[in-house]
Every structure is written in structure tokens, then in C-alpha cells.
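upload37.cif, holding mmCIF, C-alpha atoms; chains and numbers go by the auth columns:
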```cif
data_entry
#
loop_
_atom_site.group_PDB
_atom_site.id
_atom_site.type_symbol
_atom_site.label_atom_id
_atom_site.label_comp_id
_atom_site.label_asym_id
_atom_site.label_seq_id
_atom_site.Cartn_x
_atom_site.Cartn_y
_atom_site.Cartn_z
_atom_site.B_iso_or_equiv
_atom_site.auth_seq_id
_atom_site.auth_asym_id
ATOM 1 C CA MET A 1 -18.064 -18.143 -20.689 0.00 1148 B
ATOM 2 C CA SER A 2 -21.428 -16.908 -21.874 0.00 1149 B
ATOM 3 C CA ASP A 3 -22.152 -16.274 -25.584 0.00 1150 B
ATOM 4 C CA SER A 4 -23.314 -12.726 -24.799 0.00 1151 B
ATOM 5 C CA PHE A 5 -20.004 -11.912 -23.100 0.00 1152 B
ATOM 6 C CA VAL A 6 -18.042 -13.249 -26.105 0.00 1153 B
ATOM 7 C CA SER A 7 -20.200 -11.209 -28.482 0.00 1154 B
ATOM 8 C CA GLU A 8 -19.633 -8.033 -26.491 0.00 1155 B
ATOM 9 C CA MET A 9 -15.888 -8.628 -26.462 0.00 1156 B
ATOM 10 C CA GLU A 10 -15.804 -9.260 -30.227 0.00 1157 B
ATOM 11 C CA SER A 11 -17.794 -6.125 -30.967 0.00 1158 B
ATOM 12 C CA GLY A 12 -15.705 -4.003 -28.637 0.00 1159 B
ATOM 13 C CA ASN A 13 -18.800 -2.919 -26.696 0.00 1160 B
ATOM 14 C CA TYR A 14 -17.981 -4.721 -23.461 0.00 1161 B
ATOM 15 C CA LYS A 15 -18.023 -2.544 -20.366 0.00 1162 B
ATOM 16 C CA TYR A 16 -18.641 -2.914 -16.671 0.00 1163 B
ATOM 17 C CA SER A 17 -22.288 -2.387 -15.878 0.00 1164 B
ATOM 18 C CA ASP A 18 -23.763 -0.446 -12.998 0.00 1165 B
ATOM 19 C CA SER A 19 -25.963 -2.407 -10.631 0.00 1166 B
ATOM 20 C CA PRO A 20 -28.835 -0.186 -9.397 0.00 1167 B
ATOM 21 C CA SER A 21 -29.474 -2.451 -6.428 0.00 1168 B
ATOM 22 C CA GLN A 22 -25.907 -2.471 -5.156 0.00 1169 B
ATOM 23 C CA GLY A 23 -24.743 0.934 -6.396 0.00 1170 B
ATOM 24 C CA LYS A 24 -21.386 -0.565 -7.385 0.00 1171 B
ATOM 25 C CA LYS A 25 -19.870 -1.673 -10.659 0.00 1172 B
ATOM 26 C CA GLU A 26 -20.119 -5.333 -11.460 0.00 1173 B
ATOM 27 C CA ILE A 27 -16.734 -7.044 -11.402 0.00 1174 B
ATOM 28 C CA LEU A 28 -16.152 -10.383 -13.101 0.00 1175 B
ATOM 29 C CA LEU A 29 -14.463 -12.899 -10.812 0.00 1176 B
ATOM 30 C CA ASP A 30 -11.957 -15.604 -11.597 0.00 1177 B
ATOM 31 C CA ALA A 31 -13.728 -18.788 -10.505 0.00 1178 B
ATOM 32 C CA LEU A 32 -10.438 -20.477 -9.553 0.00 1179 B
ATOM 33 C CA GLY A 33 -9.136 -17.779 -7.234 0.00 1180 B
ATOM 34 C CA ASN A 34 -12.180 -15.678 -6.235 0.00 1181 B
ATOM 35 C CA VAL A 35 -10.300 -12.567 -7.378 0.00 1182 B
ATOM 36 C CA PRO A 36 -11.063 -10.077 -10.174 0.00 1183 B
ATOM 37 C CA LEU A 37 -10.792 -11.718 -13.595 0.00 1184 B
ATOM 38 C CA LYS A 38 -7.772 -10.427 -15.513 0.00 1185 B
ATOM 39 C CA LEU A 39 -8.736 -9.019 -18.907 0.00 1186 B
ATOM 40 C CA TYR A 40 -6.430 -7.824 -21.691 0.00 1187 B
ATOM 41 C CA ASP A 41 -6.840 -5.079 -24.283 0.00 1188 B
ATOM 42 C CA VAL A 42 -6.424 -6.644 -27.729 0.00 1189 B
ATOM 43 C CA ASN A 43 -7.612 -5.168 -31.019 0.00 1190 B
ATOM 44 C CA PHE A 44 -7.185 -5.813 -34.728 0.00 1191 B
ATOM 45 C CA ASP A 45 -3.993 -3.762 -34.813 0.00 1192 B
ATOM 46 C CA ASN A 46 -2.369 -6.469 -32.674 0.00 1193 B
ATOM 47 C CA VAL A 47 -2.988 -9.331 -35.121 0.00 1194 B
ATOM 48 C CA ASP A 48 0.653 -9.430 -36.250 0.00 1195 B
ATOM 49 C CA ASP A 49 1.899 -9.090 -32.667 0.00 1196 B
ATOM 50 C CA ILE A 50 -0.037 -12.149 -31.486 0.00 1197 B
ATOM 51 C CA ALA A 51 2.285 -14.429 -33.466 0.00 1198 B
ATOM 52 C CA LYS A 52 5.322 -13.097 -31.584 0.00 1199 B
ATOM 53 C CA LYS A 53 6.274 -15.147 -28.526 0.00 1200 B
ATOM 54 C CA SER A 54 7.733 -12.083 -26.825 0.00 1201 B
ATOM 55 C CA TRP A 55 4.527 -10.027 -27.137 0.00 1202 B
ATOM 56 C CA THR A 56 2.367 -9.487 -24.074 0.00 1203 B
ATOM 57 C CA PRO A 57 -0.977 -7.691 -24.424 0.00 1204 B
ATOM 58 C CA GLN A 58 -1.692 -4.704 -22.225 0.00 1205 B
ATOM 59 C CA MET A 59 -3.752 -5.466 -19.139 0.00 1206 B
ATOM 60 C CA HIS A 60 -7.224 -3.962 -19.178 0.00 1207 B
ATOM 61 C CA LEU A 61 -7.740 -1.452 -16.374 0.00 1208 B
ATOM 62 C CA THR A 62 -11.027 -0.786 -14.636 0.00 1209 B
ATOM 63 C CA ASP A 63 -12.078 2.796 -14.010 0.00 1210 B
ATOM 64 C CA GLU A 64 -10.896 2.511 -10.404 0.00 1211 B
ATOM 65 C CA GLU A 65 -7.518 1.117 -11.443 0.00 1212 B
ATOM 66 C CA ARG A 66 -7.053 3.865 -14.008 0.00 1213 B
ATOM 67 C CA GLU A 67 -7.796 6.478 -11.347 0.00 1214 B
ATOM 68 C CA VAL A 68 -4.989 4.979 -9.252 0.00 1215 B
ATOM 69 C CA VAL A 69 -2.575 4.970 -12.180 0.00 1216 B
ATOM 70 C CA GLU A 70 -3.299 8.566 -13.174 0.00 1217 B
ATOM 71 C CA ALA A 71 -3.760 10.051 -9.683 0.00 1218 B
ATOM 72 C CA LYS A 72 -1.591 13.019 -8.767 0.00 1219 B
ATOM 73 C CA GLY A 73 0.875 12.816 -5.888 0.00 1220 B
ATOM 74 C CA THR A 74 1.422 9.932 -3.494 0.00 1221 B
ATOM 75 C CA VAL A 75 -0.967 6.970 -3.624 0.00 1222 B
ATOM 76 C CA LEU A 76 -1.575 4.494 -0.806 0.00 1223 B
ATOM 77 C CA LEU A 77 -3.091 1.357 -2.343 0.00 1224 B
ATOM 78 C CA LEU A 78 -4.440 -1.362 -0.057 0.00 1225 B
ATOM 79 C CA GLY A 79 -5.921 -4.723 -1.021 0.00 1226 B
ATOM 80 C CA ARG A 80 -5.557 -8.451 -0.557 0.00 1227 B
ATOM 81 C CA SER A 81 -3.707 -10.736 -2.944 0.00 1228 B
ATOM 82 C CA GLY A 82 -5.075 -10.862 -6.473 0.00 1229 B
ATOM 83 C CA THR A 83 -7.016 -7.592 -6.402 0.00 1230 B
ATOM 84 C CA GLY A 84 -4.810 -5.791 -8.941 0.00 1231 B
ATOM 85 C CA LYS A 85 -2.278 -3.837 -6.872 0.00 1232 B
ATOM 86 C CA THR A 86 0.702 -5.042 -8.917 0.00 1233 B
ATOM 87 C CA ILE A 87 -1.068 -4.289 -12.199 0.00 1234 B
ATOM 88 C CA CYS A 88 -1.690 -0.734 -10.999 0.00 1235 B
ATOM 89 C CA ILE A 89 1.956 -0.356 -9.986 0.00 1236 B
ATOM 90 C CA CYS A 90 3.232 -1.601 -13.356 0.00 1237 B
ATOM 91 C CA ASN A 91 0.971 0.792 -15.218 0.00 1238 B
ATOM 92 C CA ARG A 92 1.862 3.653 -12.856 0.00 1239 B
ATOM 93 C CA ILE A 93 5.563 3.070 -13.537 0.00 1240 B
ATOM 94 C CA GLU A 94 4.929 3.314 -17.286 0.00 1241 B
ATOM 95 C CA TYR A 95 2.587 6.286 -16.856 0.00 1242 B
ATOM 96 C CA ASP A 96 5.153 8.273 -14.845 0.00 1243 B
ATOM 97 C CA ARG A 97 7.911 7.310 -17.271 0.00 1244 B
ATOM 98 C CA GLN A 98 5.913 8.653 -20.209 0.00 1245 B
ATOM 99 C CA ARG A 99 5.172 11.925 -18.398 0.00 1246 B
ATOM 100 C CA LEU A 100 8.430 12.581 -16.584 0.00 1247 B
ATOM 101 C CA GLY A 101 11.060 10.380 -18.225 0.00 1248 B
ATOM 102 C CA HIS A 102 12.511 13.282 -20.200 0.00 1249 B
ATOM 103 C CA LYS A 103 13.685 15.053 -17.039 0.00 1250 B
ATOM 104 C CA PRO A 104 17.410 14.590 -16.273 0.00 1251 B
ATOM 105 C CA ASN A 105 16.887 13.705 -12.592 0.00 1252 B
ATOM 106 C CA PHE A 106 14.015 11.275 -13.177 0.00 1253 B
ATOM 107 C CA SER A 107 14.407 7.890 -11.472 0.00 1254 B
ATOM 108 C CA GLN A 108 12.175 5.093 -10.205 0.00 1255 B
ATOM 109 C CA LEU A 109 12.653 2.463 -7.502 0.00 1256 B
ATOM 110 C CA PHE A 110 10.512 -0.656 -7.032 0.00 1257 B
ATOM 111 C CA VAL A 111 10.861 -2.399 -3.657 0.00 1258 B
ATOM 112 C CA SER A 112 9.184 -5.641 -2.635 0.00 1259 B
ATOM 113 C CA ARG A 113 9.552 -8.273 0.054 0.00 1260 B
ATOM 114 C CA SER A 114 9.489 -10.918 -2.663 0.00 1261 B
ATOM 115 C CA SER A 115 12.314 -11.382 -5.173 0.00 1262 B
ATOM 116 C CA GLN A 116 9.848 -13.236 -7.404 0.00 1263 B
ATOM 117 C CA LEU A 117 7.559 -10.204 -7.501 0.00 1264 B
ATOM 118 C CA CYS A 118 10.560 -8.004 -8.341 0.00 1265 B
ATOM 119 C CA ARG A 119 11.341 -10.193 -11.340 0.00 1266 B
ATOM 120 C CA TYR A 120 7.703 -10.182 -12.429 0.00 1267 B
ATOM 121 C CA VAL A 121 7.454 -6.376 -12.367 0.00 1268 B
ATOM 122 C CA LYS A 122 10.830 -6.008 -14.057 0.00 1269 B
ATOM 123 C CA ASP A 123 9.712 -8.310 -16.885 0.00 1270 B
ATOM 124 C CA ALA A 124 6.373 -6.502 -17.125 0.00 1271 B
ATOM 125 C CA VAL A 125 7.660 -2.925 -17.374 0.00 1272 B
ATOM 126 C CA GLY A 126 11.105 -3.636 -18.841 0.00 1273 B
ATOM 127 C CA SER A 127 14.551 -2.401 -17.858 0.00 1274 B
ATOM 128 C CA PHE A 128 15.596 1.104 -18.795 0.00 1275 B
ATOM 129 C CA GLU A 129 17.901 3.787 -17.531 0.00 1276 B
ATOM 130 C CA GLY A 130 16.764 5.306 -14.266 0.00 1277 B
ATOM 131 C CA ILE A 131 14.768 2.414 -12.812 0.00 1278 B
ATOM 132 C CA SER A 132 15.889 -0.093 -10.183 0.00 1279 B
ATOM 133 C CA PHE A 133 14.254 -3.203 -8.756 0.00 1280 B
ATOM 134 C CA THR A 134 15.245 -4.606 -5.378 0.00 1281 B
ATOM 135 C CA THR A 135 13.944 -6.481 -2.367 0.00 1282 B
ATOM 136 C CA PHE A 136 13.383 -4.845 1.004 0.00 1283 B
ATOM 137 C CA ASP A 137 16.180 -6.895 2.596 0.00 1284 B
ATOM 138 C CA LYS A 138 18.688 -5.826 -0.053 0.00 1285 B
ATOM 139 C CA LEU A 139 17.654 -2.199 0.317 0.00 1286 B
ATOM 140 C CA VAL A 140 18.164 -2.310 4.090 0.00 1287 B
ATOM 141 C CA SER A 141 21.562 -3.999 3.659 0.00 1288 B
ATOM 142 C CA HIS A 142 22.574 -1.309 1.195 0.00 1289 B
ATOM 143 C CA LEU A 143 21.548 1.453 3.619 0.00 1290 B
ATOM 144 C CA ILE A 144 23.462 -0.194 6.477 0.00 1291 B
ATOM 145 C CA GLU A 145 26.610 -0.320 4.365 0.00 1292 B
ATOM 146 C CA SER A 146 26.215 3.266 3.138 0.00 1293 B
ATOM 147 C CA PRO A 147 27.517 6.435 4.859 0.00 1294 B
ATOM 148 C CA LEU A 148 23.923 7.132 5.878 0.00 1295 B
ATOM 149 C CA SER A 149 24.187 4.356 8.482 0.00 1296 B
ATOM 150 C CA GLN A 150 26.835 6.329 10.350 0.00 1297 B
ATOM 151 C CA VAL A 151 24.401 9.192 10.788 0.00 1298 B
ATOM 152 C CA ILE A 152 21.636 6.813 11.891 0.00 1299 B
ATOM 153 C CA ASN A 153 23.848 4.969 14.361 0.00 1300 B
ATOM 154 C CA GLY A 154 25.186 8.241 15.750 0.00 1301 B
ATOM 155 C CA ASN A 155 21.681 9.438 16.639 0.00 1302 B
ATOM 156 C CA PHE A 156 20.299 6.083 17.746 0.00 1303 B
ATOM 157 C CA ARG A 157 19.842 5.504 21.479 0.00 1304 B
ATOM 158 C CA PRO A 158 19.237 1.843 22.403 0.00 1305 B
ATOM 159 C CA ARG A 159 17.114 2.864 25.412 0.00 1306 B
ATOM 160 C CA GLN A 160 14.530 4.314 23.050 0.00 1307 B
ATOM 161 C CA TYR A 161 14.204 1.154 20.987 0.00 1308 B
ATOM 162 C CA VAL A 162 10.806 -0.396 21.746 0.00 1309 B
ATOM 163 C CA ASN A 163 9.448 -3.623 20.330 0.00 1310 B
ATOM 164 C CA PHE A 164 6.132 -5.191 21.274 0.00 1311 B
ATOM 165 C CA ALA A 165 7.641 -7.257 24.101 0.00 1312 B
ATOM 166 C CA ARG A 166 9.054 -4.179 25.807 0.00 1313 B
ATOM 167 C CA PHE A 167 5.924 -2.135 25.095 0.00 1314 B
ATOM 168 C CA ASN A 168 3.744 -4.793 26.689 0.00 1315 B
ATOM 169 C CA GLN A 169 5.950 -5.565 29.683 0.00 1316 B
ATOM 170 C CA ASP A 170 7.475 -2.206 30.624 0.00 1317 B
ATOM 171 C CA PHE A 171 4.676 0.156 29.652 0.00 1318 B
ATOM 172 C CA TYR A 172 1.264 -1.374 29.026 0.00 1319 B
ATOM 173 C CA THR A 173 1.092 -4.026 31.732 0.00 1320 B
ATOM 174 C CA GLU A 174 2.521 -1.637 34.319 0.00 1321 B
ATOM 175 C CA ARG A 175 0.136 1.241 33.597 0.00 1322 B
ATOM 176 C CA TYR A 176 -2.989 -0.459 32.254 0.00 1323 B
ATOM 177 C CA PRO A 177 -3.323 -3.823 34.045 0.00 1324 B
ATOM 178 C CA GLN A 178 -7.140 -3.691 33.985 0.00 1325 B
ATOM 179 C CA GLU A 179 -7.650 -2.154 30.556 0.00 1326 B
ATOM 180 C CA ASN A 180 -10.087 -4.018 28.291 0.00 1327 B
ATOM 181 C CA VAL A 181 -8.224 -3.041 25.124 0.00 1328 B
ATOM 182 C CA SER A 182 -5.572 -5.562 24.134 0.00 1329 B
ATOM 183 C CA ALA A 183 -1.960 -4.382 24.227 0.00 1330 B
ATOM 184 C CA LEU A 184 -1.520 -5.792 20.714 0.00 1331 B
ATOM 185 C CA ILE A 185 -4.381 -3.648 19.376 0.00 1332 B
ATOM 186 C CA VAL A 186 -2.801 -0.514 20.841 0.00 1333 B
ATOM 187 C CA TRP A 187 0.637 -1.459 19.515 0.00 1334 B
ATOM 188 C CA LYS A 188 -0.704 -2.191 16.037 0.00 1335 B
ATOM 189 C CA SER A 189 -2.583 1.106 16.014 0.00 1336 B
ATOM 190 C CA ILE A 190 0.571 3.015 16.892 0.00 1337 B
ATOM 191 C CA ARG A 191 2.722 1.241 14.335 0.00 1338 B
ATOM 192 C CA THR A 192 0.118 1.194 11.546 0.00 1339 B
ATOM 193 C CA PHE A 193 -1.750 4.482 11.913 0.00 1340 B
ATOM 194 C CA LEU A 194 -0.628 6.870 14.657 0.00 1341 B
ATOM 195 C CA LYS A 195 3.065 6.839 13.738 0.00 1342 B
ATOM 196 C CA GLY A 196 3.401 4.526 10.737 0.00 1343 B
ATOM 197 C CA SER A 197 0.808 5.761 8.251 0.00 1344 B
ATOM 198 C CA ILE A 198 1.407 7.986 5.258 0.00 1345 B
ATOM 199 C CA GLU A 199 -0.966 10.526 6.837 0.00 1346 B
ATOM 200 C CA ALA A 200 1.174 10.658 9.982 0.00 1347 B
ATOM 201 C CA PHE A 201 4.337 10.993 7.905 0.00 1348 B
ATOM 202 C CA GLN A 202 2.900 14.010 6.103 0.00 1349 B
ATOM 203 C CA THR A 203 2.271 15.945 9.329 0.00 1350 B
ATOM 204 C CA SER A 204 4.847 18.314 10.823 0.00 1351 B
ATOM 205 C CA THR A 205 5.117 16.183 13.980 0.00 1352 B
ATOM 206 C CA GLY A 206 5.088 12.756 12.344 0.00 1353 B
ATOM 207 C CA LEU A 207 2.092 11.823 14.492 0.00 1354 B
ATOM 208 C CA LEU A 208 -1.543 11.398 13.526 0.00 1355 B
ATOM 209 C CA SER A 209 -3.876 13.790 15.349 0.00 1356 B
ATOM 210 C CA LYS A 210 -6.688 12.504 17.541 0.00 1357 B
ATOM 211 C CA GLU A 211 -9.262 14.330 15.432 0.00 1358 B
ATOM 212 C CA TYR A 212 -8.054 12.495 12.331 0.00 1359 B
ATOM 213 C CA PHE A 213 -7.812 9.097 14.037 0.00 1360 B
ATOM 214 C CA ILE A 214 -11.344 9.134 15.479 0.00 1361 B
ATOM 215 C CA HIS A 215 -12.992 10.756 12.449 0.00 1362 B
ATOM 216 C CA PRO A 216 -15.454 8.223 10.980 0.00 1363 B
ATOM 217 C CA LYS A 217 -14.595 9.008 7.349 0.00 1364 B
ATOM 218 C CA LYS A 218 -10.830 9.582 7.458 0.00 1365 B
ATOM 219 C CA LEU A 219 -9.473 6.044 7.883 0.00 1366 B
ATOM 220 C CA GLY A 220 -12.688 4.163 7.244 0.00 1367 B
ATOM 221 C CA LYS A 221 -13.927 0.936 8.779 0.00 1368 B
ATOM 222 C CA ASN A 222 -12.467 -1.209 5.983 0.00 1369 B
ATOM 223 C CA ARG A 223 -8.973 0.113 6.606 0.00 1370 B
ATOM 224 C CA CYS A 224 -9.114 0.474 10.394 0.00 1371 B
ATOM 225 C CA LYS A 225 -11.220 -2.227 12.034 0.00 1372 B
ATOM 226 C CA ILE A 226 -11.151 -0.577 15.463 0.00 1373 B
ATOM 227 C CA SER A 227 -14.465 0.961 16.575 0.00 1374 B
ATOM 228 C CA LEU A 228 -14.667 4.717 17.010 0.00 1375 B
ATOM 229 C CA GLU A 229 -15.200 4.322 20.766 0.00 1376 B
ATOM 230 C CA MET A 230 -12.105 2.161 21.081 0.00 1377 B
ATOM 231 C CA ARG A 231 -10.057 4.564 18.956 0.00 1378 B
ATOM 232 C CA ASP A 232 -10.654 7.276 21.552 0.00 1379 B
ATOM 233 C CA ILE A 233 -9.272 5.001 24.290 0.00 1380 B
ATOM 234 C CA VAL A 234 -6.342 3.893 22.139 0.00 1381 B
ATOM 235 C CA TYR A 235 -5.338 7.475 21.410 0.00 1382 B
ATOM 236 C CA ASP A 236 -5.341 8.443 25.105 0.00 1383 B
ATOM 237 C CA ILE A 237 -3.063 5.471 25.791 0.00 1384 B
ATOM 238 C CA PHE A 238 -0.873 6.549 22.894 0.00 1385 B
ATOM 239 C CA LEU A 239 -0.422 10.013 24.434 0.00 1386 B
ATOM 240 C CA GLN A 240 0.716 8.415 27.690 0.00 1387 B
ATOM 241 C CA TYR A 241 3.065 6.190 25.721 0.00 1388 B
ATOM 242 C CA GLN A 242 4.636 9.249 24.113 0.00 1389 B
ATOM 243 C CA LEU A 243 5.210 10.793 27.559 0.00 1390 B
ATOM 244 C CA TRP A 244 6.722 7.513 28.757 0.00 1391 B
ATOM 245 C CA MET A 245 9.079 7.520 25.771 0.00 1392 B
ATOM 246 C CA ASP A 246 10.254 11.043 26.663 0.00 1393 B
ATOM 247 C CA GLU A 247 11.054 10.148 30.281 0.00 1394 B
#
```
Can the structure in the file be given as C-alpha cells, please?
Amino acid sequence: MSDSFVSEMESGNYKYSDSPSQGKKEILLDALGNVPLKLYDVNFDNVDDIAKKSWTPQMHLTDEEREVVEAKGTVLLLGRSGTGKTICICNRIEYDRQRLGHKPNFSQLFVSRSSQLCRYVKDAVGSFEGISFTTFDKLVSHLIESPLSQVINGNFRPRQYVNFARFNQDFYTERYPQENVSALIVWKSIRTFLKGSIEAFQTSTGLLSKEYFIHPKKLGKNRCKISLEMRDIVYDIFLQYQLWMDE
């Protein structure tokens, strides 16, 4: 750790610097994991707290992370492991609790595939009335055992259940045997963007429009790796798939 960095931290003048050449803020990396270095906000008022074994300093948020925490409405946060998603979620839970916790119907639910991550977030934000932590598997089991499952089962038609194997064999291979686009790419696009994205969910039809899907700035190349030319082909196949589903 450089002496200049230590001096800046001690004086309280440390901040992320803008790089004119790159146009992006410089982010310190953890040399062991090649992920953003985790920094904590500690000041002289915390001197007495440091001696307490139960005390945990507040994680320092970058400007981008703070924008996520304080953003209005629904937030879709994407990133690989170690980039700060969990830190943003923990701070967002606390932020919403401070703003809305006084309302009688206020509640929060944290769901994760990992039980270990559930325990971590629970320890980080603390347990209080109105918040629950559970794994995805437990949530699904709870829904199956609830009265809601009777409604779901009553409207569910097995013939309309399509997994990738059926999609590939009964639809794609039959109708597009010479297509250059992989069946898996089309299937992933349908599940991830055209029917499974938050943008699709917010539409009246539950389907992403073609204009939105092929727009160069809507999904972005970092989120959707499919080229714009291929997106046009994928969407036409998707429309045929929808007609096939209605047959």
C-alpha cells in the first residue's frame, strides 16, 4: 500500500480520481481476487467502537453504488462475483427501512440461491420486524404448499410446458433445420430478455417489443452479447414460436 494512499486516508481527503484518458473513475482492485477493493468508512467518532468485537464498520460506497442504493423504483443490478452487488443490496435494505419502515404495511424479503449468502446478509443488516431471509428453494416449496398452488395448478396445462429439449426437438429443428443461429441462443434470448426480463414484465403483454430488443442502446452489448443483426433474426423466430405455442 503506497504512502500517498495512506496519507490520503488519514487526512480524509481520499477520493476516486477521474482518468482523462479513459473517461472512467479509477477503481482500486484487490490483488488477490481481481475485484474492487473493499473499503470501510471509519472516523474518529468510531474509536470506542473499534474495541467492540461485535462492531462492524460501514462499507464505503462508490458513487455508482450509492446511485444504486438511492435509486427510485425497481433496480436491476448485474455483475460478476465480487463486484459489490451484495453490498448494494445490504445498503438498499437499510436505506428503504430508514425511509419506509414507519409504514404499517412495510415488509422486506431477501431471496438467494445460497443459504450462506442469506446468513451473510442477515448478519449484515440485522433481524427486525418485517424482514425475512430465505433461499429460492424454500420459497418455491412454501408457494407449492400454499393455497396459491391450487390456483396455479388449476390453470396449468402440461401441453404448454416447454423446456429446451422440447423447444429444440419439436419446434426449432422442425422449422429451422438450416438456420445459422443456434437453438440455444434463441432459447436463452427468449428466457432472458424477450419473456424473462424486467422490461418484458413491465409491459402490458409480458413480452419485449422488437423495437426495444434490437435498439442498440436499450439492452447494451455488455448485457446482451447478441449482435444487432442476429437479434432481428432471433425476434422473427420468437414470433413464430409464440404462434406455435398458441396452436
Would you mind listing what lies within 12 Å of Met1392 of chain B as a list in words, with only C-alpha atoms counted and same-chain residues fewer than 4 positions away left out? Arg1304, Arg1306, Gln1307, Tyr1308, Val1309, Arg1313, Phe1314, Asp1317, Phe1318, Phe1385, Leu1386, Gln1387 and Tyr1388 of chain B
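As for atom CA of Ala1218 of chain B and atom CA of His1362 of chain B, they are spaced 24.0 Å apart.
Closest approach to Leu1224 of chain B among B:Lys1269, B:Arg1370, B:Leu1341, B:Ala1330: B:Arg1370, based on all atoms listed in the file.
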Spatial sel., origin (7.5, -10.4, -10.2), limit 12 Å, only C-alpha atoms, listed as a VMD selection string: chain B and resid 1233 to 1234 1236 to 1237 1257 to 1273 1280 to 1282
Since we have the selection now, will you write its residues out, keeping C-alpha atoms, as a PDB file, keeping the file's coordinate frame?
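result-v4.pdb, freshly written:
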```
ATOM      1  CA  THR B1233       0.702  -5.042  -8.917  1.00  0.00           C
ATOM      2  CA  ILE B1234      -1.068  -4.289 -12.199  1.00  0.00           C
ATOM      3  CA  ILE B1236       1.956  -0.356  -9.986  1.00  0.00           C
ATOM      4  CA  CYS B1237       3.232  -1.601 -13.356  1.00  0.00           C
ATOM      5  CA  PHE B1257      10.512  -0.656  -7.032  1.00  0.00           C
ATOM      6  CA  VAL B1258      10.861  -2.399  -3.657  1.00  0.00           C
ATOM      7  CA  SER B1259       9.184  -5.641  -2.635  1.00  0.00           C
ATOM      8  CA  ARG B1260       9.552  -8.273   0.054  1.00  0.00           C
ATOM      9  CA  SER B1261       9.489 -10.918  -2.663  1.00  0.00           C
ATOM     10  CA  SER B1262      12.314 -11.382  -5.173  1.00  0.00           C
ATOM     11  CA  GLN B1263       9.848 -13.236  -7.404  1.00  0.00           C
ATOM     12  CA  LEU B1264       7.559 -10.204  -7.501  1.00  0.00           C
ATOM     13  CA  CYS B1265      10.560  -8.004  -8.341  1.00  0.00           C
ATOM     14  CA  ARG B1266      11.341 -10.193 -11.340  1.00  0.00           C
ATOM     15  CA  TYR B1267       7.703 -10.182 -12.429  1.00  0.00           C
ATOM     16  CA  VAL B1268       7.454  -6.376 -12.367  1.00  0.00           C
ATOM     17  CA  LYS B1269      10.830  -6.008 -14.057  1.00  0.00           C
ATOM     18  CA  ASP B1270       9.712  -8.310 -16.885  1.00  0.00           C
ATOM     19  CA  ALA B1271       6.373  -6.502 -17.125  1.00  0.00           C
ATOM     20  CA  VAL B1272       7.660  -2.925 -17.374  1.00  0.00           C
ATOM     21  CA  GLY B1273      11.105  -3.636 -18.841  1.00  0.00           C
ATOM     22  CA  PHE B1280      14.254  -3.203  -8.756  1.00  0.00           C
ATOM     23  CA  THR B1281      15.245  -4.606  -5.378  1.00  0.00           C
ATOM     24  CA  THR B1282      13.944  -6.481  -2.367  1.00  0.00           C
TER      25      THR B1282
END
```
Could you list, as a list in words, every residue within 10 Å of Ile1380 of chain B, counting all atoms listed in the file and ignoring same-chain residues fewer than 2 positions away?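 My list of contacting residues is Glu1326, Asn1327, Val1328, Val1333, Ile1361, Leu1375, Glu1376, Met1377, Arg1378, Tyr1382, Asp1383, Ile1384 and Phe1385 of chain B.
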Atoms kept (C-alpha atoms) for selection, written as a CSV table (one decimal), in the frame of the given file:
```csv
chain,number,residue,atom,x,y,z
B,1326,GLU,CA,-7.6,-2.2,30.6
B,1327,ASN,CA,-10.1,-4.0,28.3
B,1328,VAL,CA,-8.2,-3.0,25.1
B,1333,VAL,CA,-2.8,-0.5,20.8
B,1361,ILE,CA,-11.3,9.1,15.5
B,1375,LEU,CA,-14.7,4.7,17.0
B,1376,GLU,CA,-15.2,4.3,20.8
B,1377,MET,CA,-12.1,2.2,21.1
B,1378,ARG,CA,-10.1,4.6,19.0
B,1382,TYR,CA,-5.3,7.5,21.4
B,1383,ASP,CA,-5.3,8.4,25.1
B,1384,ILE,CA,-3.1,5.5,25.8
B,1385,PHE,CA,-0.9,6.5,22.9
```
note - atom CA of Leu1186 of chain B and atom CA of Met1206 of chain B are separated by 6.1 Å
From (15.8, 9.4, -12.1), in the file's coordinates, out to 10 Å: which residues are reached, counting only C-alpha atoms? Answer as a list of chain:residue names.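 In the file's frame, the residues around the point are B:Arg1244, B:Leu1247, B:Gly1248, B:His1249, B:Lys1250, B:Pro1251, B:Asn1252, B:Phe1253, B:Ser1254, B:Gln1255, B:Leu1256, B:Glu1276, B:Gly1277, B:Ile1278, B:Ser1279.
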Distance criterion (only C-alpha atoms): nearest to Gly1220 of chain B out of B:Lys1364, B:Arg1239, B:Val1287, B:Leu1208: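 Between B:Lys1364, B:Arg1239, B:Val1287, B:Leu1208, the residue approaching Gly1220 of chain B most closely is B:Arg1239.
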Once the PyMOL selection byres ((chain B and resi 1340) around 12) has been evaluated on this model, what residues remain selected, and can you format them as number ranges by chain? B: 1332-1339, 1341-1348, 1353-1357, 1359-1361, 1365-1367, 1370-1373, 1378, 1381-1382, 1385
Taken to one decimal, the atom CA of Ser1274 of chain B-atom CA of His1289 of chain B distance is 20.7 Å
For each of B:Ser1293, B:Glu1217, B:Gly1229, B:Pro1324, take the minimum atom-to-atom distance to Lys1185 of chain B, counting all atoms listed in the file, then give the residue where this is smallest. B:Gly1229
